[in-house]
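One file, coords17.csv, carrying CSV, C-alpha atoms:
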```csv
chain,number,residue,atom,x,y,z
A,212,MET,CA,-18.5,26.1,18.7
A,213,ILE,CA,-21.9,27.7,18.0
A,214,SER,CA,-25.1,25.8,18.6
A,215,LEU,CA,-27.1,23.5,16.3
A,216,LYS,CA,-30.6,23.8,17.6
A,217,SER,CA,-34.2,22.9,17.0
A,218,PRO,CA,-36.8,25.7,16.9
A,219,SER,CA,-37.9,25.0,20.5
A,220,GLU,CA,-34.3,25.6,21.8
A,221,VAL,CA,-33.7,28.9,20.2
A,222,LYS,CA,-32.2,31.8,22.1
A,223,ASN,CA,-34.6,34.7,21.4
A,224,PRO,CA,-35.2,37.4,20.1
A,225,THR,CA,-33.4,36.8,16.8
A,226,SER,CA,-31.9,38.5,13.9
A,227,ILE,CA,-32.5,35.8,11.3
A,228,ALA,CA,-32.0,34.7,7.8
A,229,ILE,CA,-33.8,31.7,6.2
A,230,GLY,CA,-32.4,29.5,3.5
A,231,SER,CA,-30.3,26.4,2.7
A,232,PHE,CA,-27.0,28.3,2.8
A,233,ASP,CA,-25.4,25.3,1.0
A,234,GLY,CA,-21.8,26.2,0.3
A,235,LEU,CA,-21.8,29.4,2.3
A,236,HIS,CA,-20.6,31.2,-0.8
A,237,ALA,CA,-20.1,35.0,-1.3
A,238,GLY,CA,-23.8,35.6,-1.8
A,239,HIS,CA,-24.7,33.8,1.4
A,240,ARG,CA,-22.0,35.7,3.3
A,241,LYS,CA,-23.5,39.1,2.2
A,242,LEU,CA,-26.8,38.0,3.5
A,243,ILE,CA,-25.3,36.8,6.8
A,244,LYS,CA,-23.6,40.1,7.2
A,245,SER,CA,-27.0,41.8,7.3
A,246,VAL,CA,-28.0,39.5,10.1
A,247,VAL,CA,-25.0,40.1,12.2
A,248,GLU,CA,-25.2,43.9,11.9
A,249,GLU,CA,-28.4,43.8,14.0
A,250,ASN,CA,-26.3,43.0,17.0
A,251,GLN,CA,-28.9,43.7,19.7
A,252,TYR,CA,-30.5,40.3,18.7
A,253,THR,CA,-29.1,36.8,18.5
A,254,PRO,CA,-27.7,36.4,15.0
A,255,THR,CA,-29.3,33.2,13.7
A,256,ILE,CA,-29.5,31.1,10.5
A,257,ALA,CA,-32.6,28.9,10.0
A,258,SER,CA,-32.7,26.1,7.4
A,259,PHE,CA,-35.1,23.3,6.6
A,260,TRP,CA,-33.9,19.7,7.2
A,261,PRO,CA,-34.3,17.6,5.3
A,262,HIS,CA,-34.4,19.6,2.0
A,263,PRO,CA,-38.1,20.2,1.0
A,264,ARG,CA,-37.5,18.6,-2.4
A,265,GLU,CA,-36.5,15.4,-0.6
A,266,ILE,CA,-39.9,15.2,1.1
A,267,LEU,CA,-42.1,16.6,-1.7
A,268,TYR,CA,-40.5,14.9,-4.8
A,269,LYS,CA,-38.3,12.2,-3.3
A,270,GLU,CA,-35.2,13.8,-4.8
A,271,THR,CA,-31.8,13.1,-3.5
A,272,ARG,CA,-30.2,16.4,-2.5
A,273,LEU,CA,-26.5,16.0,-1.9
A,274,ARG,CA,-25.1,18.9,0.3
A,275,LEU,CA,-21.9,20.9,-0.2
A,276,ASP,CA,-21.9,21.3,3.6
A,277,LEU,CA,-23.8,19.1,6.1
A,278,PRO,CA,-25.2,21.0,9.1
A,279,ASP,CA,-22.4,20.2,11.5
A,280,GLU,CA,-19.8,21.2,8.9
A,281,LYS,CA,-21.3,24.7,8.7
A,282,LEU,CA,-21.0,25.5,12.4
A,283,HIS,CA,-17.3,26.7,12.6
A,284,ILE,CA,-17.8,28.6,9.3
A,285,LEU,CA,-20.9,30.4,10.6
A,286,GLU,CA,-19.2,31.1,13.9
A,287,ASP,CA,-16.3,32.8,12.1
A,288,LEU,CA,-19.0,34.9,10.3
A,289,GLY,CA,-20.6,36.0,13.6
A,290,ILE,CA,-23.6,33.7,13.7
A,291,GLU,CA,-24.5,32.3,17.1
A,292,GLN,CA,-27.0,29.6,16.3
A,293,LEU,CA,-28.0,27.4,13.4
A,294,VAL,CA,-31.6,26.3,13.6
A,295,LEU,CA,-32.9,23.3,11.8
A,296,ILE,CA,-36.6,23.4,11.1
A,297,PRO,CA,-37.9,19.8,10.6
A,298,PHE,CA,-39.5,19.7,7.2
A,299,ASP,CA,-42.4,17.3,6.6
A,300,LYS,CA,-45.6,16.9,4.6
A,301,GLU,CA,-47.5,18.8,7.3
A,302,LEU,CA,-45.1,21.8,7.2
A,303,SER,CA,-45.2,21.8,3.4
A,304,LYS,CA,-49.0,22.6,3.6
A,305,LEU,CA,-48.4,25.7,5.8
A,306,SER,CA,-49.4,28.9,4.1
A,307,ALA,CA,-46.7,31.6,3.6
A,308,GLU,CA,-48.6,33.9,6.0
A,309,SER,CA,-48.8,31.2,8.7
A,310,PHE,CA,-45.1,30.5,8.3
A,311,VAL,CA,-44.2,34.1,8.9
A,312,ARG,CA,-46.6,34.5,11.9
A,313,ASN,CA,-46.3,31.1,13.6
A,314,ILE,CA,-42.6,30.2,13.0
A,315,LEU,CA,-40.6,33.4,12.3
A,316,ILE,CA,-42.5,35.8,14.6
A,317,ASN,CA,-44.0,33.7,17.3
A,318,GLN,CA,-41.6,30.8,17.7
A,319,LEU,CA,-38.3,32.3,16.6
A,320,GLN,CA,-39.2,35.8,17.7
A,321,ALA,CA,-37.5,37.4,14.7
A,322,LYS,CA,-36.9,41.2,15.1
A,323,ASN,CA,-34.8,41.4,11.9
A,324,ILE,CA,-35.5,39.2,8.9
A,325,SER,CA,-32.9,39.0,6.2
A,326,VAL,CA,-33.7,37.2,2.9
A,327,GLY,CA,-32.4,37.2,-0.7
A,328,ALA,CA,-34.4,39.1,-3.3
A,329,ASN,CA,-35.7,35.8,-4.9
A,330,PHE,CA,-36.8,34.2,-1.6
A,331,LYS,CA,-39.9,32.0,-2.0
A,332,PHE,CA,-41.6,30.1,0.8
A,333,GLY,CA,-44.8,28.6,2.1
A,334,PHE,CA,-47.3,26.3,0.5
A,335,ARG,CA,-46.4,25.8,-3.2
A,336,ARG,CA,-43.8,28.6,-2.8
A,337,SER,CA,-46.6,31.1,-2.7
A,338,GLY,CA,-44.9,33.6,-0.4
A,339,ASP,CA,-42.2,36.2,-1.3
A,340,ILE,CA,-40.7,39.4,0.1
A,341,ASN,CA,-44.0,41.2,-0.5
A,342,THR,CA,-45.7,38.7,1.8
A,343,ILE,CA,-43.3,39.5,4.6
A,344,LYS,CA,-43.6,43.2,4.0
A,345,LYS,CA,-47.4,43.0,4.3
A,346,ILE,CA,-47.3,41.0,7.6
A,347,ILE,CA,-44.7,43.2,9.4
A,348,LYS,CA,-46.1,46.5,8.2
A,349,ASP,CA,-47.4,47.7,11.5
A,350,THR,CA,-44.7,46.0,13.7
A,351,ASP,CA,-41.2,46.9,14.8
A,352,ILE,CA,-39.7,44.0,12.8
A,353,LYS,CA,-37.2,45.0,10.1
A,354,LEU,CA,-36.9,43.3,6.7
A,355,LYS,CA,-33.6,43.4,4.9
A,356,ILE,CA,-33.4,42.3,1.3
A,357,THR,CA,-30.1,41.2,-0.2
A,358,PRO,CA,-29.8,41.4,-4.1
A,359,ILE,CA,-28.6,38.4,-6.0
A,360,LEU,CA,-24.9,38.5,-6.3
A,361,GLU,CA,-23.3,38.0,-9.7
A,362,ASP,CA,-19.8,38.0,-11.2
A,363,LYS,CA,-18.6,38.1,-14.8
A,364,GLU,CA,-19.6,34.4,-15.1
A,365,GLY,CA,-23.1,34.9,-13.9
A,366,ARG,CA,-25.1,34.3,-10.8
A,367,ILE,CA,-23.1,33.0,-7.8
A,368,SER,CA,-25.0,29.9,-6.6
A,369,SER,CA,-24.7,26.5,-4.9
A,370,SER,CA,-25.6,24.9,-8.2
A,371,ARG,CA,-22.7,26.5,-10.0
A,372,ILE,CA,-20.3,25.3,-7.3
A,373,ARG,CA,-21.7,21.7,-7.7
A,374,ASP,CA,-21.2,21.9,-11.5
A,375,LEU,CA,-17.5,23.1,-11.0
A,376,LEU,CA,-16.8,20.3,-8.5
A,377,ASP,CA,-18.4,17.7,-10.7
A,378,LYS,CA,-16.0,18.8,-13.5
A,379,SER,CA,-13.1,18.7,-10.9
A,380,ASP,CA,-12.6,22.4,-11.4
A,381,LEU,CA,-11.4,23.0,-7.8
A,382,LYS,CA,-9.7,26.3,-8.6
A,383,ASN,CA,-12.8,28.1,-9.7
A,384,ALA,CA,-14.9,26.4,-7.0
A,385,PHE,CA,-12.5,27.8,-4.5
A,386,LYS,CA,-12.9,31.3,-5.9
A,387,ILE,CA,-16.7,31.2,-5.3
A,388,LEU,CA,-16.5,29.4,-2.0
A,389,LYS,CA,-13.7,31.6,-0.7
A,390,ARG,CA,-12.3,28.5,1.0
A,391,PRO,CA,-11.1,25.0,0.1
A,392,TYR,CA,-13.7,22.3,-0.4
A,393,SER,CA,-13.4,19.3,1.9
A,394,PHE,CA,-15.2,16.3,3.2
A,395,SER,CA,-14.5,13.9,6.0
A,396,GLY,CA,-15.1,10.3,6.9
A,397,LYS,CA,-14.2,7.4,9.1
A,398,VAL,CA,-11.4,5.0,8.1
A,399,VAL,CA,-12.9,1.5,7.6
A,400,LYS,CA,-11.3,-1.8,6.7
A,401,GLY,CA,-10.6,-2.4,3.1
A,402,LYS,CA,-9.2,-5.5,1.3
A,403,GLY,CA,-5.6,-4.5,1.9
A,404,ILE,CA,-4.7,-4.6,-1.8
A,405,GLY,CA,-2.9,-1.2,-1.7
A,406,LYS,CA,-0.7,-2.2,1.2
A,407,SER,CA,0.1,-5.5,-0.5
A,408,ILE,CA,1.6,-3.6,-3.5
A,409,GLY,CA,3.4,-1.0,-1.4
A,410,TRP,CA,0.8,1.7,-1.5
A,411,PRO,CA,-1.3,1.5,1.6
A,412,THR,CA,-4.6,3.4,1.5
A,413,ALA,CA,-7.2,4.5,4.0
A,414,ASN,CA,-10.7,3.6,2.9
A,415,LEU,CA,-13.2,6.3,4.0
A,416,GLU,CA,-16.8,5.9,4.9
A,417,ILE,CA,-18.5,9.2,3.7
A,418,ASP,CA,-21.9,10.4,4.7
A,419,GLY,CA,-24.2,9.5,1.7
A,420,ARG,CA,-25.7,13.0,1.8
A,421,LYS,CA,-22.4,14.7,1.0
A,422,PHE,CA,-21.6,16.0,-2.4
A,423,LEU,CA,-18.3,14.8,-3.8
A,424,PRO,CA,-16.2,16.0,-6.7
A,425,GLY,CA,-16.1,14.1,-10.0
A,426,GLU,CA,-14.4,10.7,-10.1
A,427,GLY,CA,-10.7,10.5,-10.6
A,428,VAL,CA,-7.3,10.6,-8.9
A,429,TYR,CA,-6.4,13.8,-7.0
A,430,ALA,CA,-3.5,15.5,-5.1
A,431,ALA,CA,-5.1,16.1,-1.7
A,432,TRP,CA,-4.4,17.4,1.8
A,433,THR,CA,-5.4,15.0,4.5
A,434,THR,CA,-5.9,16.1,8.1
A,435,LEU,CA,-6.5,13.8,11.1
A,436,LYS,CA,-9.3,14.8,13.4
A,437,ASN,CA,-8.2,17.2,16.2
A,438,SER,CA,-5.0,17.9,14.3
A,439,ASN,CA,-4.0,21.0,12.3
A,440,GLN,CA,-1.3,19.2,10.3
A,441,LYS,CA,-2.1,18.8,6.6
A,442,ILE,CA,-0.5,15.7,5.1
A,443,GLU,CA,0.4,15.4,1.4
A,444,SER,CA,-1.7,12.7,-0.1
A,445,VAL,CA,-3.0,11.0,-3.2
A,446,MET,CA,-6.8,10.4,-3.3
A,447,ASN,CA,-8.7,8.0,-5.5
A,448,LEU,CA,-12.4,8.8,-5.8
A,449,GLY,CA,-14.6,6.4,-7.7
A,450,SER,CA,-14.5,2.7,-8.8
A,451,GLN,CA,-11.4,0.4,-8.9
A,452,PRO,CA,-11.3,-0.7,-12.5
A,453,THR,CA,-8.1,-2.7,-12.3
A,454,ILE,CA,-8.9,-4.4,-8.9
A,455,ASN,CA,-12.6,-5.1,-9.5
A,456,PRO,CA,-14.7,-3.0,-11.8
A,457,LEU,CA,-17.9,-4.3,-10.1
A,458,LEU,CA,-17.0,-2.8,-6.7
A,459,PRO,CA,-19.0,0.3,-5.7
A,460,SER,CA,-17.4,3.7,-5.8
A,461,ALA,CA,-15.1,4.5,-2.9
A,462,VAL,CA,-12.8,7.1,-1.5
A,463,GLU,CA,-9.2,5.9,-0.8
A,464,VAL,CA,-6.4,8.1,0.5
A,465,HIS,CA,-2.7,7.3,0.4
A,466,LEU,CA,-0.6,9.4,2.8
A,467,ILE,CA,2.7,10.3,1.1
A,468,ASN,CA,5.8,9.3,3.2
A,469,LYS,CA,3.7,8.7,6.3
A,470,ASP,CA,3.2,5.4,8.1
A,471,ILE,CA,0.2,5.9,10.4
A,472,ASP,CA,-2.3,3.4,11.7
A,473,LEU,CA,-5.5,5.1,10.6
A,474,TYR,CA,-8.1,2.5,11.2
A,475,GLY,CA,-11.1,3.9,13.1
A,476,LEU,CA,-9.9,7.5,12.8
A,477,ASN,CA,-11.8,10.3,11.2
A,478,LEU,CA,-10.0,12.1,8.4
A,479,SER,CA,-10.7,15.3,6.6
A,480,VAL,CA,-9.7,15.4,2.9
A,481,GLU,CA,-9.2,18.5,0.9
A,482,PRO,CA,-8.7,17.7,-2.8
A,483,VAL,CA,-6.3,20.2,-4.4
A,484,GLU,CA,-6.0,19.3,-8.1
A,485,LYS,CA,-7.1,16.4,-10.3
A,486,LEU,CA,-4.1,14.3,-11.5
A,487,ARG,CA,-5.9,12.1,-14.0
A,488,SER,CA,-9.0,10.1,-14.8
A,489,GLN,CA,-9.3,6.5,-13.7
A,490,ILE,CA,-7.6,3.9,-15.9
A,491,GLN,CA,-8.0,0.1,-16.2
A,492,PHE,CA,-4.5,-1.4,-16.3
A,493,ASP,CA,-3.6,-4.8,-17.6
A,494,ASN,CA,-2.0,-5.9,-14.3
A,495,ILE,CA,-1.1,-4.9,-10.7
A,496,ASP,CA,2.5,-3.9,-11.7
A,497,GLN,CA,1.2,-1.3,-14.2
A,498,LEU,CA,-1.1,0.1,-11.5
A,499,SER,CA,1.7,0.3,-9.0
A,500,ASN,CA,3.9,2.1,-11.5
A,501,GLN,CA,1.1,4.6,-12.2
A,502,ILE,CA,0.6,5.3,-8.5
A,503,LYS,CA,4.3,6.1,-8.2
A,504,LYS,CA,3.8,8.7,-11.0
A,505,ASP,CA,0.7,10.0,-9.3
A,506,ARG,CA,2.7,10.5,-6.0
A,507,ASP,CA,5.5,12.3,-7.8
A,508,ASN,CA,3.0,14.5,-9.7
A,509,ALA,CA,1.2,15.3,-6.5
A,510,LEU,CA,4.4,16.3,-4.7
A,511,SER,CA,5.2,18.7,-7.6
A,512,ILE,CA,1.8,20.3,-7.2
A,513,PHE,CA,2.1,20.7,-3.4
A,514,LYS,CA,5.2,22.8,-3.9
A,515,ASN,CA,3.0,25.6,-5.2
A,516,TYR,CA,0.5,25.4,-2.3
A,517,GLU,CA,0.8,26.5,1.3
A,518,LYS,CA,-0.4,24.0,4.0
```

Before anything else, please render the file you have as structure tokens.
Amino acid sequence: MISLKSPSEVKNPTSIAIGSFDGLHAGHRKLIKSVVEENQYTPTIASFWPHPREILYKETRLRLDLPDEKLHILEDLGIEQLVLIPFDKELSKLSAESFVRNILINQLQAKNISVGANFKFGFRRSGDINTIKKIIKDTDIKLKITPILEDKEGRISSSRIRDLLDKSDLKNAFKILKRPYSFSGKVVKGKGIGKSIGWPTANLEIDGRKFLPGEGVYAAWTTLKNSNQKIESVMNLGSQPTINPLLPSAVEVHLINKDIDLYGLNLSVEPVEKLRSQIQFDNIDQLSNQIKKDRDNALSIFKNYEK
């Protein structure tokens, strides 16, 4: 596994790209390729953590990929280290010129800098690619600029992926991501209601900074940590209108035809297709009958997918 590092731990000199790289979609991958091509330097990705808008505007920024989730993907793409630059009020006041000189050149020892054509940085986003060009003009540092990637639907972006996931459009999100979307969590104790009606579920505790698809019931693959086996499952994401409409939203997973003690384990869940929206039933028997239909529908869907 590649390293997740602070700026003081970086292996220098670097070939580096700066950005959030949330989703690691096709546009990000094109930028990453330009970093890896300069193979005489350590191929590096640098991102701010937390997101600047969280510090400056108190916005909640849910991530398609948390930092540790990116590591194996970046490794497959040829990156050797992911650097998290701690973002705070002090850093936000740093001029664009100071950011390039003090952080990129002096601290990270960048010999190749790769950025997107619309890259903005520094105090009040005052810096751009022209700022970098000016500073490195008389140095041996290279600047590579990657144009914005578009398809017939428009610009490929993390925001577009979030919108598709929010609409439960997993198929088109997959096309942009070039990989299945997944999330993971630890199995925690629930109320045991699913088990009492013959449909035991694992209740997952998900990192609150993780972006999740729109609420509903899904066919999903579930994988136990340190296992490559994908298990056919039905996932409920959201509230529990029949059990208790006042309960907070939750992620529950029922493993089809599997009886495993999951408490305390970490599970990875890959939603495949939305089966239905959530429904409030008149009684538990109606709920149980619907879950059986959900299971059967999920099994029909899985026939068309490879594990």

Q: Find the residues near Ala430 (chain A): any atom within 7 Å, counting only C-alpha atoms, skip ones fewer than 3 places away on the same chain, and give them as a PyMOL selection string.
A: chain A and resi 444-446+482-486+509

Suppose we keep C-alpha atoms; can you now write the selection as a tab-separated table (two decimals), in the frame of the given file?
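Saved as out-v4.tsv:
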```
chain	number	residue	atom	x	y	z
A	444	SER	CA	-1.70	12.70	-0.10
A	445	VAL	CA	-3.00	11.00	-3.20
A	446	MET	CA	-6.80	10.40	-3.30
A	482	PRO	CA	-8.70	17.70	-2.80
A	483	VAL	CA	-6.30	20.20	-4.40
A	484	GLU	CA	-6.00	19.30	-8.10
A	485	LYS	CA	-7.10	16.40	-10.30
A	486	LEU	CA	-4.10	14.30	-11.50
A	509	ALA	CA	1.20	15.30	-6.50
```

Q.
Rounded to one decimal, what separation in Å do you get between CA of Tyr392 (chain A) and CA of Thr357 (chain A)?
A.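 According to the coordinates, CA of Tyr392 (chain A) and CA of Thr357 (chain A) are separated by 25.0 Å.
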
Q.
Using all atoms listed in the file, which protein or nucleic acid residues come within 8 Å of region 410-426 of chain A? Drop anything in the same chain fewer than 3 positions from it, and give the result as a PyMOL selection string.
A. chain A and resi 272-277+373+376-379+394-401+403-407+447-449+461-466+473-474+478+488-489+499+502

Ala384 (chain A) environment, 7 Å, all atoms listed in the file, sequence neighbours closer than 4 positions dropped, as a PDB file with C-alpha atoms, in the frame of the given file:
```pdb
ATOM      1  CA  ILE A 372     -20.300  25.300  -7.300  1.00  0.00           C
ATOM      2  CA  LEU A 375     -17.500  23.100 -11.000  1.00  0.00           C
ATOM      3  CA  LEU A 376     -16.800  20.300  -8.500  1.00  0.00           C
ATOM      4  CA  ASP A 380     -12.600  22.400 -11.400  1.00  0.00           C
ATOM      5  CA  LEU A 388     -16.500  29.400  -2.000  1.00  0.00           C
TER       6      LEU A 388
END
```

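The smallest atom-to-atom distance between Glu280 (chain A) and any of A:Asp472, A:Asp505, A:Asp233, A:Glu265, using only C-alpha atoms, is found for A:Asp233.
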
Q) Between A:Lys353, A:Arg312, A:Lys504, A:Lys281, which is the closest to Tyr252 (chain A) once you count only C-alpha atoms? A) A:Lys353

Q. Between A:Ser337, A:Ser393, A:Thr434, A:Ser369, which is the closest to Leu235 (chain A) once you count all atoms listed in the file?
A.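 Counting all atoms listed in the file, the residue closest to Leu235 (chain A) is A:Ser369.
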
Q) What lies within 9 Å of Leu285 (chain A) using all atoms listed in the file, ignoring chain neighbours under 6 positions off, as number ranges by chain? A) A: 213, 235, 243, 256, 291-293

Q: Calculate how many Å separate CA of Ser214 (chain A) from CA of Asp279 (chain A), rounding to one decimal.
A: 9.4 Å
